[in-house]
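Student: Here you go, target_32.cif (mmCIF, C-alpha atoms; chains and numbers go by the auth columns):
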data_upload
#
loop_
_atom_site.group_PDB
_atom_site.id
_atom_site.type_symbol
_atom_site.label_atom_id
_atom_site.label_comp_id
_atom_site.label_asym_id
_atom_site.label_seq_id
_atom_site.Cartn_x
_atom_site.Cartn_y
_atom_site.Cartn_z
_atom_site.B_iso_or_equiv
_atom_site.auth_seq_id
_atom_site.auth_asym_id
ATOM 1 C CA ASP A 1 30.367 -3.223 18.340 0.00 13 A
ATOM 2 C CA ASP A 2 27.803 -5.890 17.382 0.00 14 A
ATOM 3 C CA PHE A 3 25.373 -3.432 15.822 0.00 15 A
ATOM 4 C CA GLU A 4 27.527 -1.776 13.134 0.00 16 A
ATOM 5 C CA PRO A 5 28.422 -4.958 11.146 0.00 17 A
ATOM 6 C CA LEU A 6 24.755 -6.052 11.155 0.00 18 A
ATOM 7 C CA TYR A 7 23.665 -2.579 10.064 0.00 19 A
ATOM 8 C CA ASN A 8 26.127 -2.560 7.144 0.00 20 A
ATOM 9 C CA ILE A 9 24.939 -5.998 5.961 0.00 21 A
ATOM 10 C CA ALA A 10 21.301 -4.884 6.122 0.00 22 A
ATOM 11 C CA LYS A 11 22.095 -1.616 4.347 0.00 23 A
ATOM 12 C CA GLU A 12 23.943 -3.360 1.499 0.00 24 A
ATOM 13 C CA SER A 13 21.188 -5.940 0.961 0.00 25 A
ATOM 14 C CA PHE A 14 18.514 -3.219 1.033 0.00 26 A
ATOM 15 C CA VAL A 15 20.288 -1.142 -1.622 0.00 27 A
ATOM 16 C CA GLU A 16 20.835 -4.224 -3.815 0.00 28 A
ATOM 17 C CA GLU A 17 17.130 -5.112 -3.657 0.00 29 A
ATOM 18 C CA ILE A 18 16.128 -1.618 -4.737 0.00 30 A
ATOM 19 C CA GLU A 19 18.697 -1.402 -7.523 0.00 31 A
ATOM 20 C CA THR A 20 17.640 -4.756 -9.026 0.00 32 A
ATOM 21 C CA GLU A 21 14.330 -3.203 -10.093 0.00 33 A
ATOM 22 C CA ASP A 22 15.215 -0.988 -13.059 0.00 34 A
ATOM 23 C CA LEU A 23 13.246 2.231 -12.700 0.00 35 A
ATOM 24 C CA GLY A 24 15.587 4.230 -14.915 0.00 36 A
ATOM 25 C CA LEU A 25 17.928 7.076 -14.178 0.00 37 A
ATOM 26 C CA CYS A 26 17.237 10.501 -12.725 0.00 38 A
ATOM 27 C CA PRO A 27 16.964 13.070 -15.538 0.00 39 A
ATOM 28 C CA LYS A 28 18.652 15.703 -13.342 0.00 40 A
ATOM 29 C CA CYS A 29 21.705 13.874 -11.937 0.00 41 A
ATOM 30 C CA SER A 30 21.733 10.401 -13.616 0.00 42 A
ATOM 31 C CA SER A 31 21.521 8.527 -10.293 0.00 43 A
ATOM 32 C CA PRO A 32 19.236 5.459 -10.161 0.00 44 A
ATOM 33 C CA LEU A 33 15.563 6.080 -9.422 0.00 45 A
ATOM 34 C CA ILE A 34 14.124 4.170 -6.429 0.00 46 A
ATOM 35 C CA LYS A 35 10.718 3.470 -4.925 0.00 47 A
ATOM 36 C CA LYS A 36 9.955 5.284 -1.680 0.00 48 A
ATOM 37 C CA ASN A 37 7.002 5.231 0.640 0.00 49 A
ATOM 38 C CA GLY A 38 5.788 8.655 1.790 0.00 50 A
ATOM 39 C CA LYS A 39 3.008 10.383 3.645 0.00 51 A
ATOM 40 C CA TYR A 40 0.647 10.062 0.647 0.00 52 A
ATOM 41 C CA GLY A 41 1.725 6.588 -0.451 0.00 53 A
ATOM 42 C CA PRO A 42 4.460 5.106 -2.647 0.00 54 A
ATOM 43 C CA PHE A 43 6.352 7.224 -5.176 0.00 55 A
ATOM 44 C CA ILE A 44 9.514 7.095 -7.299 0.00 56 A
ATOM 45 C CA ALA A 45 12.396 9.451 -6.507 0.00 57 A
ATOM 46 C CA CYS A 46 16.130 9.976 -7.036 0.00 58 A
ATOM 47 C CA SER A 47 18.424 7.827 -4.895 0.00 59 A
ATOM 48 C CA ASN A 48 20.769 10.813 -4.517 0.00 60 A
ATOM 49 C CA PHE A 49 18.418 12.578 -2.057 0.00 61 A
ATOM 50 C CA PRO A 50 18.960 15.138 -0.408 0.00 62 A
ATOM 51 C CA LYS A 51 21.484 16.418 -3.000 0.00 63 A
ATOM 52 C CA CYS A 52 18.926 15.821 -5.770 0.00 64 A
ATOM 53 C CA LYS A 53 15.217 16.240 -4.956 0.00 65 A
ATOM 54 C CA TYR A 54 13.762 14.912 -8.229 0.00 66 A
ATOM 55 C CA ILE A 55 10.544 12.881 -7.958 0.00 67 A
ATOM 56 C CA VAL A 56 8.473 11.290 -10.700 0.00 68 A
ATOM 57 C CA PRO A 57 5.156 13.157 -10.892 0.00 69 A
ATOM 58 C CA SER A 58 2.333 10.929 -9.665 0.00 70 A
ATOM 59 C CA GLU A 59 -0.764 10.297 -11.724 0.00 71 A
ATOM 60 C CA ARG A 60 -3.934 11.795 -10.304 0.00 72 A
ATOM 61 C CA PRO A 61 -7.009 9.600 -10.043 0.00 73 A
ATOM 62 C CA PRO A 62 -9.793 10.464 -12.495 0.00 74 A
ATOM 63 C CA LEU A 63 -12.178 13.167 -11.301 0.00 75 A
ATOM 64 C CA VAL A 64 -15.608 11.887 -10.235 0.00 76 A
ATOM 65 C CA ILE A 65 -18.396 14.391 -10.913 0.00 77 A
ATOM 66 C CA PRO A 66 -21.786 13.622 -9.305 0.00 78 A
ATOM 67 C CA GLU A 67 -24.780 13.584 -11.659 0.00 79 A
ATOM 68 C CA ASN A 68 -26.528 16.430 -9.819 0.00 80 A
ATOM 69 C CA ALA A 69 -23.447 18.716 -9.723 0.00 81 A
ATOM 70 C CA PRO A 70 -24.382 22.245 -10.881 0.00 82 A
ATOM 71 C CA LEU A 71 -22.629 23.888 -13.819 0.00 83 A
ATOM 72 C CA CYS A 72 -19.889 26.405 -12.996 0.00 84 A
ATOM 73 C CA PRO A 73 -21.300 29.975 -13.195 0.00 85 A
ATOM 74 C CA GLN A 74 -17.937 31.359 -14.347 0.00 86 A
ATOM 75 C CA CYS A 75 -16.711 29.082 -17.180 0.00 87 A
ATOM 76 C CA HIS A 76 -19.911 27.105 -17.955 0.00 88 A
ATOM 77 C CA LYS A 77 -17.714 24.068 -18.796 0.00 89 A
ATOM 78 C CA GLY A 78 -16.951 22.514 -15.409 0.00 90 A
ATOM 79 C CA HIS A 79 -19.197 21.484 -12.552 0.00 91 A
ATOM 80 C CA ILE A 80 -19.157 22.578 -8.904 0.00 92 A
ATOM 81 C CA ILE A 81 -17.700 19.727 -6.844 0.00 93 A
ATOM 82 C CA VAL A 82 -16.396 19.243 -3.297 0.00 94 A
ATOM 83 C CA LYS A 83 -12.602 19.368 -3.119 0.00 95 A
ATOM 84 C CA LYS A 84 -10.229 18.648 -0.245 0.00 96 A
ATOM 85 C CA GLY A 85 -7.694 21.294 0.719 0.00 97 A
ATOM 86 C CA PRO A 86 -4.866 21.106 3.263 0.00 98 A
ATOM 87 C CA ARG A 87 -7.086 22.505 6.062 0.00 99 A
ATOM 88 C CA ASN A 88 -10.684 21.832 5.005 0.00 100 A
ATOM 89 C CA THR A 89 -13.048 20.870 2.214 0.00 101 A
ATOM 90 C CA PHE A 90 -14.489 23.463 -0.150 0.00 102 A
ATOM 91 C CA LYS A 91 -16.587 23.711 -3.316 0.00 103 A
ATOM 92 C CA ALA A 92 -14.932 24.714 -6.583 0.00 104 A
ATOM 93 C CA CYS A 93 -15.020 24.241 -10.361 0.00 105 A
ATOM 94 C CA SER A 94 -13.964 20.837 -11.698 0.00 106 A
ATOM 95 C CA ASN A 95 -12.314 22.608 -14.651 0.00 107 A
ATOM 96 C CA TYR A 96 -9.292 23.678 -12.534 0.00 108 A
ATOM 97 C CA PRO A 97 -6.661 25.013 -13.446 0.00 109 A
ATOM 98 C CA GLU A 98 -8.387 26.579 -16.490 0.00 110 A
ATOM 99 C CA CYS A 99 -11.131 27.929 -14.204 0.00 111 A
ATOM 100 C CA LYS A 100 -10.287 28.944 -10.628 0.00 112 A
ATOM 101 C CA TYR A 101 -13.845 29.596 -9.422 0.00 113 A
ATOM 102 C CA ILE A 102 -14.450 28.825 -5.735 0.00 114 A
ATOM 103 C CA VAL A 103 -17.882 28.908 -4.113 0.00 115 A
ATOM 104 C CA PRO A 104 -17.900 31.698 -1.505 0.00 116 A
ATOM 105 C CA SER A 105 -18.121 30.344 2.037 0.00 117 A
ATOM 106 C CA ASN A 106 -21.081 31.039 4.312 0.00 118 A
ATOM 107 C CA LYS A 107 -18.975 32.751 6.978 0.00 119 A
ATOM 108 C CA ALA A 108 -20.658 35.412 9.081 0.00 120 A
ATOM 109 C CA LYS A 109 -20.273 39.006 7.939 0.00 121 A
ATOM 110 C CA LEU A 110 -17.508 40.943 9.643 0.00 122 A
ATOM 111 C CA VAL A 111 -18.864 43.394 12.237 0.00 123 A
ATOM 112 C CA ILE A 112 -16.706 46.484 12.691 0.00 124 A
ATOM 113 C CA PRO A 113 -17.263 48.419 15.950 0.00 125 A
ATOM 114 C CA GLU A 114 -18.138 52.129 15.553 0.00 126 A
ATOM 115 C CA ASN A 115 -15.086 53.226 17.547 0.00 127 A
ATOM 116 C CA ALA A 116 -12.607 51.053 15.569 0.00 128 A
ATOM 117 C CA PRO A 117 -9.606 53.157 14.450 0.00 129 A
ATOM 118 C CA LEU A 118 -8.609 53.402 10.770 0.00 130 A
ATOM 119 C CA CYS A 119 -5.831 51.114 9.562 0.00 131 A
ATOM 120 C CA PRO A 120 -2.573 53.123 9.335 0.00 132 A
ATOM 121 C CA THR A 121 -1.401 51.086 6.312 0.00 133 A
ATOM 122 C CA CYS A 122 -4.336 51.018 3.866 0.00 134 A
ATOM 123 C CA LYS A 123 -6.373 53.886 5.431 0.00 135 A
ATOM 124 C CA THR A 124 -9.656 52.231 4.308 0.00 136 A
ATOM 125 C CA GLY A 125 -9.954 49.315 6.732 0.00 137 A
ATOM 126 C CA HIS A 126 -10.402 49.427 10.488 0.00 138 A
ATOM 127 C CA LEU A 127 -8.362 47.787 13.245 0.00 139 A
ATOM 128 C CA ILE A 128 -10.346 45.016 14.877 0.00 140 A
ATOM 129 C CA LYS A 129 -9.459 42.427 17.507 0.00 141 A
ATOM 130 C CA ARG A 130 -8.560 39.001 16.079 0.00 142 A
ATOM 131 C CA THR A 131 -7.670 35.785 17.883 0.00 143 A
ATOM 132 C CA VAL A 132 -5.655 33.032 16.232 0.00 144 A
ATOM 133 C CA LYS A 133 -4.553 29.922 18.150 0.00 145 A
ATOM 134 C CA GLY A 134 -5.282 31.628 21.466 0.00 146 A
ATOM 135 C CA SER A 135 -3.219 34.733 20.688 0.00 147 A
ATOM 136 C CA SER A 136 -5.081 38.062 20.352 0.00 148 A
ATOM 137 C CA PHE A 137 -3.942 41.059 18.304 0.00 149 A
ATOM 138 C CA MET A 138 -5.322 44.004 16.321 0.00 150 A
ATOM 139 C CA ALA A 139 -5.524 43.548 12.538 0.00 151 A
ATOM 140 C CA CYS A 140 -6.957 45.322 9.506 0.00 152 A
ATOM 141 C CA SER A 141 -10.522 44.437 8.525 0.00 153 A
ATOM 142 C CA ASN A 142 -9.363 44.368 4.865 0.00 154 A
ATOM 143 C CA PHE A 143 -7.314 41.206 5.434 0.00 155 A
ATOM 144 C CA PRO A 144 -5.993 39.509 3.233 0.00 156 A
ATOM 145 C CA LYS A 145 -5.611 42.582 0.967 0.00 157 A
ATOM 146 C CA CYS A 146 -4.015 44.513 3.833 0.00 158 A
ATOM 147 C CA LYS A 147 -1.887 42.490 6.243 0.00 159 A
ATOM 148 C CA HIS A 148 -1.369 45.205 8.890 0.00 160 A
ATOM 149 C CA LYS A 149 -1.385 43.909 12.463 0.00 161 A
ATOM 150 C CA GLU A 150 -0.186 45.153 15.830 0.00 162 A
ATOM 151 C CA LYS A 151 -0.073 44.182 19.470 0.00 163 A
ATOM 152 C CA ILE A 152 -3.044 45.075 21.645 0.00 164 A
ATOM 153 C CA LYS A 153 -2.224 48.217 23.624 0.00 165 A
ATOM 154 C CA GLU A 154 -2.904 48.020 27.344 0.00 166 A
ATOM 155 C CA VAL A 155 -5.337 50.674 28.594 0.00 167 A
#
Would you mind writing the file's structure down as structure tokens?

Tutor:
Amino acid sequence: DDFEPLYNIAKESFVEEIETEDLGLCPKCSSPLIKKNGKYGPFIACSNFPKCKYIVPSERPPLVIPENAPLCPQCHKGHIIVKKGPRNTFKACSNYPECKYIVPSNKAKLVIPENAPLCPTCKTGHLIKRTVKGSSFMACSNFPKCKHKEKIKEV
């Protein structure tokens, strides 16, 4: 009983503080735009979330290209730089999205056993044992072109 009145007072004062800063109106639904703090820092979004999911596109920081960065072998305009992806870092052309060149990784060559059966889907790859997050299964050696996979058959 004591909590609800205090919550309503806090909620009203919070909304008033946000609405006093004029950030404009949402171009999709005409609700006021507000500042929010997210996983990657502050951003401006529609106050009518989740009905409206409009956000103001953030400005990207300028690209820093090291002096010794080699020229891209594909477009000859950009330079090869280290970029950060969702899972790891990789090397690619700084001229993205015009050039989508990515430096091939130094992963070990895939070894296919002599007795590996042909893939029933693509008929060019072979079924090999793969393990992802502790779970083993048989999959086509032509992955990602062929996404065939199956459970390991007990012998």

Student: Find the residues near Cys105 of chain A: any atom within 10 Å, counting only C-alpha atoms, skip ones fewer than 2 places away on the same chain, and give them as number ranges by chain.

Tutor: A: 82-95, 103, 107-115

Student: For C-alpha atoms, I'd like the residues from the last selection saved as a JSON list (two decimals), in the frame of the given file.

Tutor:
[["chain", "number", "residue", "atom", "x", "y", "z"],
["A", 82, "PRO", "CA", -24.38, 22.24, -10.88],
["A", 83, "LEU", "CA", -22.63, 23.89, -13.82],
["A", 84, "CYS", "CA", -19.89, 26.40, -13.00],
["A", 85, "PRO", "CA", -21.30, 29.98, -13.20],
["A", 86, "GLN", "CA", -17.94, 31.36, -14.35],
["A", 87, "CYS", "CA", -16.71, 29.08, -17.18],
["A", 88, "HIS", "CA", -19.91, 27.10, -17.95],
["A", 89, "LYS", "CA", -17.71, 24.07, -18.80],
["A", 90, "GLY", "CA", -16.95, 22.51, -15.41],
["A", 91, "HIS", "CA", -19.20, 21.48, -12.55],
["A", 92, "ILE", "CA", -19.16, 22.58, -8.90],
["A", 93, "ILE", "CA", -17.70, 19.73, -6.84],
["A", 94, "VAL", "CA", -16.40, 19.24, -3.30],
["A", 95, "LYS", "CA", -12.60, 19.37, -3.12],
["A", 103, "LYS", "CA", -16.59, 23.71, -3.32],
["A", 107, "ASN", "CA", -12.31, 22.61, -14.65],
["A", 108, "TYR", "CA", -9.29, 23.68, -12.53],
["A", 109, "PRO", "CA", -6.66, 25.01, -13.45],
["A", 110, "GLU", "CA", -8.39, 26.58, -16.49],
["A", 111, "CYS", "CA", -11.13, 27.93, -14.20],
["A", 112, "LYS", "CA", -10.29, 28.94, -10.63],
["A", 113, "TYR", "CA", -13.84, 29.60, -9.42],
["A", 114, "ILE", "CA", -14.45, 28.82, -5.74],
["A", 115, "VAL", "CA", -17.88, 28.91, -4.11]]

Student: When you count only C-alpha atoms, which of these residues is closest to Tyr66 of chain A: A:Ser42, A:Asn80, A:Thr101, A:Ser106?

Tutor: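 For Tyr66 of chain A, the nearest of the candidates is A:Ser42.
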
Student: To one decimal in Å, tell me the separation between atom CA of Cys38 of chain A and atom CA of Cys58 of chain A.

Tutor: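 Separation of atom CA of Cys38 of chain A and atom CA of Cys58 of chain A: 5.8 Å.
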
Student: Which polymer residues have any atom within 12 Å of an atom of Glu71 of chain A, counting only C-alpha atoms, with same-chain residues fewer than 2 positions away left out, as a VMD selection string?

Tutor: chain A and resid 54 to 56 68 to 69 73 to 75

Student: Tell me which residues the PyMOL selection byres ((chain A and resi 152) around 7) grabs here, as a list of chain:residue names.

Tutor: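 That selection, the PyMOL selection byres ((chain A and resi 152) around 7), comes back as A:Cys131, A:Gly137, A:His138, A:Leu139, A:Ile140, A:Ala151, A:Ser153, A:Asn154, A:Phe155, A:Cys158, A:Lys159, A:His160, A:Lys161.
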
Student: Please dump the current selection as a JSON list (two decimals), in the frame of the given file; keep C-alpha atoms.

Tutor:
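Final file, again-v2.json:
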[["chain", "number", "residue", "atom", "x", "y", "z"],
["A", 131, "CYS", "CA", -5.83, 51.11, 9.56],
["A", 137, "GLY", "CA", -9.95, 49.32, 6.73],
["A", 138, "HIS", "CA", -10.40, 49.43, 10.49],
["A", 139, "LEU", "CA", -8.36, 47.79, 13.24],
["A", 140, "ILE", "CA", -10.35, 45.02, 14.88],
["A", 151, "ALA", "CA", -5.52, 43.55, 12.54],
["A", 153, "SER", "CA", -10.52, 44.44, 8.52],
["A", 154, "ASN", "CA", -9.36, 44.37, 4.86],
["A", 155, "PHE", "CA", -7.31, 41.21, 5.43],
["A", 158, "CYS", "CA", -4.01, 44.51, 3.83],
["A", 159, "LYS", "CA", -1.89, 42.49, 6.24],
["A", 160, "HIS", "CA", -1.37, 45.20, 8.89],
["A", 161, "LYS", "CA", -1.38, 43.91, 12.46]]

Student: Which value, in Å to one decimal, gives the distance between atom CA of Cys41 of chain A and atom CA of Cys64 of chain A?

Tutor: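 Between atom CA of Cys41 of chain A and atom CA of Cys64 of chain A the gap is 7.0 Å.
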
Student: For atom CA of Ile67 of chain A and atom CA of Gly50 of chain A, determine how far apart the two atoms are, in Å to one decimal place.

Tutor: 11.6 Å

Student: Between A:Lys96, A:Lys48, A:Lys165, A:Lys121, which is the closest to Met150 of chain A once you count all atoms listed in the file?

Tutor: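 Closest to Met150 of chain A, using all atoms listed in the file: A:Lys165.
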
Student: Report, as AutoDock Vina command-line options, the centre and edge lengths in Å (one decimal) of the axis-aligned box enclosing every listed atom of segment 111-117 of chain A, padded by 3 Å on each side.

Tutor:
--center_x -14.2 --center_y 29.8 --center_z -6.1 --size_x 13.8 --size_y 9.8 --size_z 22.2
